Every structure is written in C-alpha cells, then in structure tokens.
There are 2 protein chains.
Amino acid sequence: MSVLTVGTVAFDDIETPFGKVEKVIGGACTYISWAASYFVSDIRLTSIVGGDFPQDEIKLLESRGVNMDGLKVIQDGKTFFWAGRYHENMNQRDTLTTDLNVLDDFDPELPESYYDSKYVMLGNLTPEIQNRVIDQLKSPKLIVLDTMNFWMDIALENLKKAISRVDVLTINDEEARQLSGEYSLVNAAKKIFEMGPKYLVIKKGEHGALLMSKDQMFYAPALPLAIVKDPTGAGDTFAGGFIGYLAQTDDISFENLKRAVIYGSAMASFCVEEFSLGKMKNLDIQEIRDRIQAFVDMTHFDV
Amino acid sequence: MSVLTVGTVAFDDIETPFGKVEKVIGGACTYISWAASYFVSDIRLTSIVGGDFPQDEIKLLESRGVNMDGLKVIQDGKTFFWAGRYHENMNQRDTLTTDLNVLDDFDPELPESYYDSKYVMLGNLTPEIQNRVIDQLKSPKLIVLDTMNFWMDIALENLKKAISRVDVLTINDEEARQLSGEYSLVNAAKKIFEMGPKYLVIKKGEHGALLMSKDQMFYAPALPLAIVKDPTGAGDTFAGGFIGYLAQTDDISFENLKRAVIYGSAMASFCVEEFSLGKMKNLDIQEIRDRIQAFVDMTHFDV
C-alpha cells in the first residue's frame, strides 16, 4: 500500500561523545522515508528544501521508490538547518542552531497523485502544516502523527485539532505527561484517547516503546547496543519502520501494530549505530530479519 | 529450597507526591523476605534491630515462614532509620535522614542452622558485611548481591571482592556504568562479567529490568501502572521475588532466570501501589498469577 511521508528535510551538524559531523543529511521526512523504503515501494514524500540540497540525495531516494513530486525546491532558498550537541548520556541534547530557512514558508500542497495515500506518517512539524496535509487526504486508512513538547507550548489548540483527526499519536513519555496533565502513563493514555486517537505510541528511547489502545498494552524494549554513535533521527526511523511495516502488511489490528512497533524499534536500533543516515542507506533484508530475531530472543519467555 | 536474606530492617519516613508516612516498616531485608515468602517457606533472615522494633512485625514474618534466629535485637539500641522525599517524577529522591543506629555495629554471625542455605540474597549493605556472610556459607547454590553507587564511591575494593564471589549482581543502569566505566550497557556487562558474576540484572525502575549473561540477554518491562504511590523497596521486592522464585523452582538455567525476573518485576509492581509494605502483606496467589499474565500479554508478539 502507499505511504505518505511528511516532515522536514534538513542539513544537520551533530556532535556526540563519539564524534562530530557537519552538514550531513537529516530531517524527519528523510529518516521516515528511508526506513519505510525497506518495506514498501510506493512512498510519497512531502517536504521543502533550498537550491543547496544535493540532487544526488534526491535521486537516491527516488531509486528507493520514493516519489519526490511533493518535494518543493526553492532554488534561491536555503534548506532547513539544525545543529545539536548530545550530552555524555546521549539521552539529552542541546540545540545549538535552528535555521528554518525555506521551512518558514512551507505550505504543503499535495500533488494530486498523493490524494489517495493510504498510510500517512506526519513527522514532527507545526500542527498547522499537519492539519493542512490531513485536509487534502481523500481516503486515508491510517494516519500517524508525531509531535513534540515545543508545539504543546506554543500551538496547543492547533495541535489538539490535528491529534483529534489521527489514528495513532507518537510522543515520548514526558510529552505524554505534559499533554495529558497525568503522571501515570496509564492515566495519560486515557486522557489522550479522549482527544481522538485510537492508539498511542510512547517512545522511551533506550528504554523502548509502549503501544497502548483503550484496552490493550504492549511494551517493546529497545535493543541494548554496544555502539550508539548518534541518536539523531531514531524516533523518525522508528516511525518509518512502523508505518512501512503496516503499509506492507495492510493490517491495522492491534496484533499487527505490535509487530510494527517491533519493526520500528529494529530500524531505530540500526539508525543510532552510525551518524546521520550512514547505516540506514545500506541495510539488507537479512540484517533486518536477524535484528527482528534478536528482539524475539530478548523478550520471549514461557511461564 | 532455603533462602537466606541479608540486609537492613528499618523504620522509614517517606514523602511522595501522593502522601506522607512516618516511622513505617522498611529495610531491604524486610522487603526481600516478604516478597520471597510468597514462593518458599524456608527463609532465613539476617539483620539487626533495636529494642524499639515492634514484636508484632517479627511475629508476622515468622508466620510467613521466615526464621528470625538471625535477627539480632539490641534491646537498648535504636533501629536503623531512613527518611526520604521523592521528586515529582518519582524516579529521583532526596535522602533527608540516615540514622545508622544499631546498624553501625552490625557484624552478622549466622546461626549454625543457616550455614547450609542454598539461595542467598545479599541486600544492599556495606560490602564488608556482605563478604562476612559469604565467608560463613557452606554450599550455596546461587548468591545474588545487590549494591549501590555509594559503596562504589567509598568501598570499591571490598565491593569488588564481594562481587567476585557471587553469581548474580543486581544494580541500576547508572551504577553499571559507574562500576564498569563503560557507557553502553552491553560493554558494561562484559566488564562486569570479568569481575566474576555469571549474570547481571540491570534494574531500570519504571523502564523494567535487563538480565544478561555472557551470551544471552533478556529484557523484562515494568508494568505501567495507574497508581504508583511509593517506590520505596521496589528494587528489594524485585530481588525477593527473583530469589524466591528461583528457590521454589530450584533451577538456575538462563530460561528460569528469565522467569524469575518476570516474577520479581510482578512483585515490585505490587510494592509501589501502596506505601511501605501495605500491599506486600496482603497478596494472594491468584493476584500474583493475574499479574504474571499481564506481563505475558504486554510482551508477547508473533513475527
């Protein structure tokens, strides 16, 4: 089935305890699309870049089955730029620079060929843009929305409107607490379901991810890794694996959502092993299968 | 099989966002013994209290099958006292008071009837005392040692000696990093196995627990709860459920250690629902079975 991906395409400067890279390819939409490309070949990207964005990267995504008609290129503009430095523990980071550049005027108009997209992954962006995209969809089967505390602080009403229109919300534990005003994640989920979504995915980074519905719960651990070089894009890569697997299997039962969380977690575990998209551009199916098996081995028990 | 429990028996003052209690029963050995008592009826407690410790509590433990010959009572002394206040997020706490009292002179001499104990749970205490206990054991089948960063700071050599003599080490993620000097938990575990233990249990609080051996890994989540009133004793309760289940089944294979981690996690999930031992004193077998099933439901997936 078709996947629509929406979000930033960016240049990143990244510093972690394991190294430093400059002007590498980043952005939520990039990570989502790359991860999803291992599952489906009908991906429709929606984003904006400046004339400085390398043609090679666009061609590479096209070669993975990503339709780029929805990528607006502002020839005399500059691509969104983010610079960040991770703390020693890698769970926290400081944003050093955020240059919105062309993103400042992003008003996504979907190509007509995107209207019938079935699986929709709205990456972290202003809720206004997320709503604009939802407005243009004709018959989505599942809409997933990712967001962050920043939008809860400055655009809560628009965010709530967007949340009310989607099937799955993905946020981290602190954001779930902020959005709901409830400390317990069980109670937070209850409040969030009242806002509209049927499912909530709480991303806990190195502690895994929690999938919740009104009456079911699934806890997927993150795989402990010997090497974690760069956490940038891990959440987006999770989202890409999640939506990609769902689109590939075209099954939105809770049982299959559980599998999608495992596939998303597996893809994220690759992402962090190299800077930028270093690892994500060079995976093969066997590697992914082996990693899924590692999740099975790590969680399986009989009582 | 027999379980030997060693650790503090205490009075606690506890303040959490959900309430405040004063001079309630606490201590690692208390929580361990209560949790283990749901699995085995031959438990041998080793600790020290003052004359101020209530006889009723001693009798209650005895009625659960806990042998109290190893409880030294210093009639004119005062019981160890700890006071702490939890932060809003409950993952952090400030210690307000630590009065060692009788604990200051604790030199555990095991009753002869304890020498042949098979399953040994050394609760968090000075490594010197933990070593003293190990010295007196004749034929232990499995020794588990719990410790904390405090002893890494002030008694590292004694602690390393104790660690070299046990089968399982239980610590939290930050402590695993401190002890090994490795950030990655995979690499931290490798270093720790070089110190002696065959198994490492990394306790991650609300994020679950990780069981590792040289070549296997198991991730048990914590159960997300609607009510978490008081995290005090959760780690000790985990340890009590863990050692109790192992002693009950008398099987120290990795597969059974996995089950023991789940049983420990289930017991800990009860512990935090009430202050002090409020919940731990009143469980029944069906409640425990239902909670184990909740862990199965929460983690099971097919790929």
# chains A, B, ... in the order shown; residues from 1 in each chain; ligands from 1
>>> residues_around(residues="Gly70 (chain A)", least_positions_apart="4", cutoff="8 Å", atoms="only C-alpha atoms", output="number ranges by chain")
A: 44-47, 109-111
>>> interface_residues(of="chain B", to="chain A", cutoff="8 Å", atoms="only C-alpha atoms", output="JSON, numbers by chain")
{"B": [89, 183, 184, 185, 186, 187, 207, 216, 217, 218, 219, 220, 221, 224, 225, 226, 227, 228, 255, 258, 259, 297, 298, 299, 300, 301, 302, 303]}
>>> residues_around(residues="Leu60 (chain A)", least_positions_apart="5", cutoff="12 Å", atoms="only C-alpha atoms", output="PyMOL selection string")
chain A and resi 30+33-34+37+54-55+65-68+281-282
>>> write_last_selection(atoms="C-alpha atoms", output="tab-separated table (two decimals), in the first residue's frame")
chain	number	residue	atom	x	y	z
A	30	THR	CA	14.26	11.79	5.27
A	33	SER	CA	11.23	7.68	4.07
A	34	TRP	CA	14.49	5.75	4.22
A	37	SER	CA	11.64	2.15	1.89
A	54	PRO	CA	22.14	17.86	-3.27
A	55	GLN	CA	20.47	16.30	-6.32
A	65	GLY	CA	10.83	4.03	-4.65
A	66	VAL	CA	10.23	7.40	-3.07
A	67	ASN	CA	8.14	9.72	-5.23
A	68	MET	CA	9.58	13.23	-4.96
A	281	LYS	CA	21.26	3.67	3.44
A	282	ASN	CA	22.97	0.28	3.45
>>> residues_around(residues="Lys138 (chain B)", least_positions_apart="2", cutoff="8 Å", atoms="only C-alpha atoms", output="JSON, numbers by chain")
{"B": [115, 116, 117, 136, 140]}
>>> residues_around(residues="Thr5 (chain B)", least_positions_apart="6", cutoff="12 Å", atoms="only C-alpha atoms", output="PyMOL selection string")
chain B and resi 27-37+42-47+66-68+70-71+108+110+114+117-125+130+133-134+143-146+236-237+239-241+243-244
>>> write_last_selection(atoms="C-alpha atoms", output="mmCIF file, in the first residue's frame")
data_model
loop_
_atom_site.group_PDB
_atom_site.id
_atom_site.type_symbol
_atom_site.label_atom_id
_atom_site.label_comp_id
_atom_site.auth_asym_id
_atom_site.auth_seq_id
_atom_site.Cartn_x
_atom_site.Cartn_y
_atom_site.Cartn_z
ATOM 1 C CA GLY B 27 14.565 -2.035 55.058
ATOM 2 C CA ALA B 28 15.924 -4.163 52.218
ATOM 3 C CA CYS B 29 15.784 -7.409 54.195
ATOM 4 C CA THR B 30 12.140 -6.821 55.127
ATOM 5 C CA TYR B 31 11.023 -6.261 51.544
ATOM 6 C CA ILE B 32 13.124 -9.175 50.252
ATOM 7 C CA SER B 33 11.749 -11.550 52.888
ATOM 8 C CA TRP B 34 8.115 -10.553 52.383
ATOM 9 C CA ALA B 35 8.363 -10.955 48.604
ATOM 10 C CA ALA B 36 10.197 -14.283 48.854
ATOM 11 C CA SER B 37 7.616 -15.573 51.337
ATOM 12 C CA ASP B 42 12.163 -21.778 54.432
ATOM 13 C CA ILE B 43 13.516 -18.244 54.647
ATOM 14 C CA ARG B 44 16.343 -17.299 56.958
ATOM 15 C CA LEU B 45 16.575 -13.634 57.814
ATOM 16 C CA THR B 46 19.807 -11.969 58.869
ATOM 17 C CA SER B 47 19.669 -8.449 60.198
ATOM 18 C CA VAL B 66 10.698 -16.568 57.965
ATOM 19 C CA ASN B 67 13.177 -17.865 60.511
ATOM 20 C CA MET B 68 14.217 -14.952 62.739
ATOM 21 C CA GLY B 70 19.445 -14.413 62.552
ATOM 22 C CA LEU B 71 17.770 -11.196 63.685
ATOM 23 C CA PRO B 108 26.439 -10.743 61.162
ATOM 24 C CA LEU B 110 24.919 -16.626 61.058
ATOM 25 C CA TYR B 114 21.801 -21.052 58.282
ATOM 26 C CA SER B 117 21.461 -22.039 52.865
ATOM 27 C CA LYS B 118 21.130 -22.665 49.128
ATOM 28 C CA TYR B 119 19.764 -19.439 47.680
ATOM 29 C CA VAL B 120 21.289 -16.294 49.091
ATOM 30 C CA MET B 121 20.086 -12.735 48.609
ATOM 31 C CA LEU B 122 22.574 -10.190 49.897
ATOM 32 C CA GLY B 123 20.622 -6.942 50.111
ATOM 33 C CA ASN B 124 22.315 -3.565 49.787
ATOM 34 C CA LEU B 125 24.693 -3.139 52.767
ATOM 35 C CA GLN B 130 28.268 -8.997 52.527
ATOM 36 C CA VAL B 133 28.138 -13.535 55.220
ATOM 37 C CA ILE B 134 29.659 -15.248 52.194
ATOM 38 C CA ILE B 143 24.357 -15.974 45.549
ATOM 39 C CA VAL B 144 22.763 -12.710 44.430
ATOM 40 C CA LEU B 145 24.276 -9.412 45.510
ATOM 41 C CA ASP B 146 22.551 -6.050 45.431
ATOM 42 C CA ASP B 236 14.333 -5.151 47.113
ATOM 43 C CA THR B 237 10.905 -6.584 46.400
ATOM 44 C CA ALA B 239 15.098 -9.185 44.451
ATOM 45 C CA GLY B 240 12.850 -11.087 46.864
ATOM 46 C CA GLY B 241 10.553 -12.291 44.099
ATOM 47 C CA ILE B 243 15.358 -15.283 44.599
ATOM 48 C CA GLY B 244 12.087 -16.713 45.927
#
>>> atom_distance(atom1="CA of Ser2 (chain B)", atom2="CA of Glu62 (chain B)")
14.7 Å
>>> select_by_dssp(residues="region 238-293 of chain B", states="alpha helix (DSSP H)", output="MDAnalysis selection string")
chainID B and resid 238:249 254:271 285:293
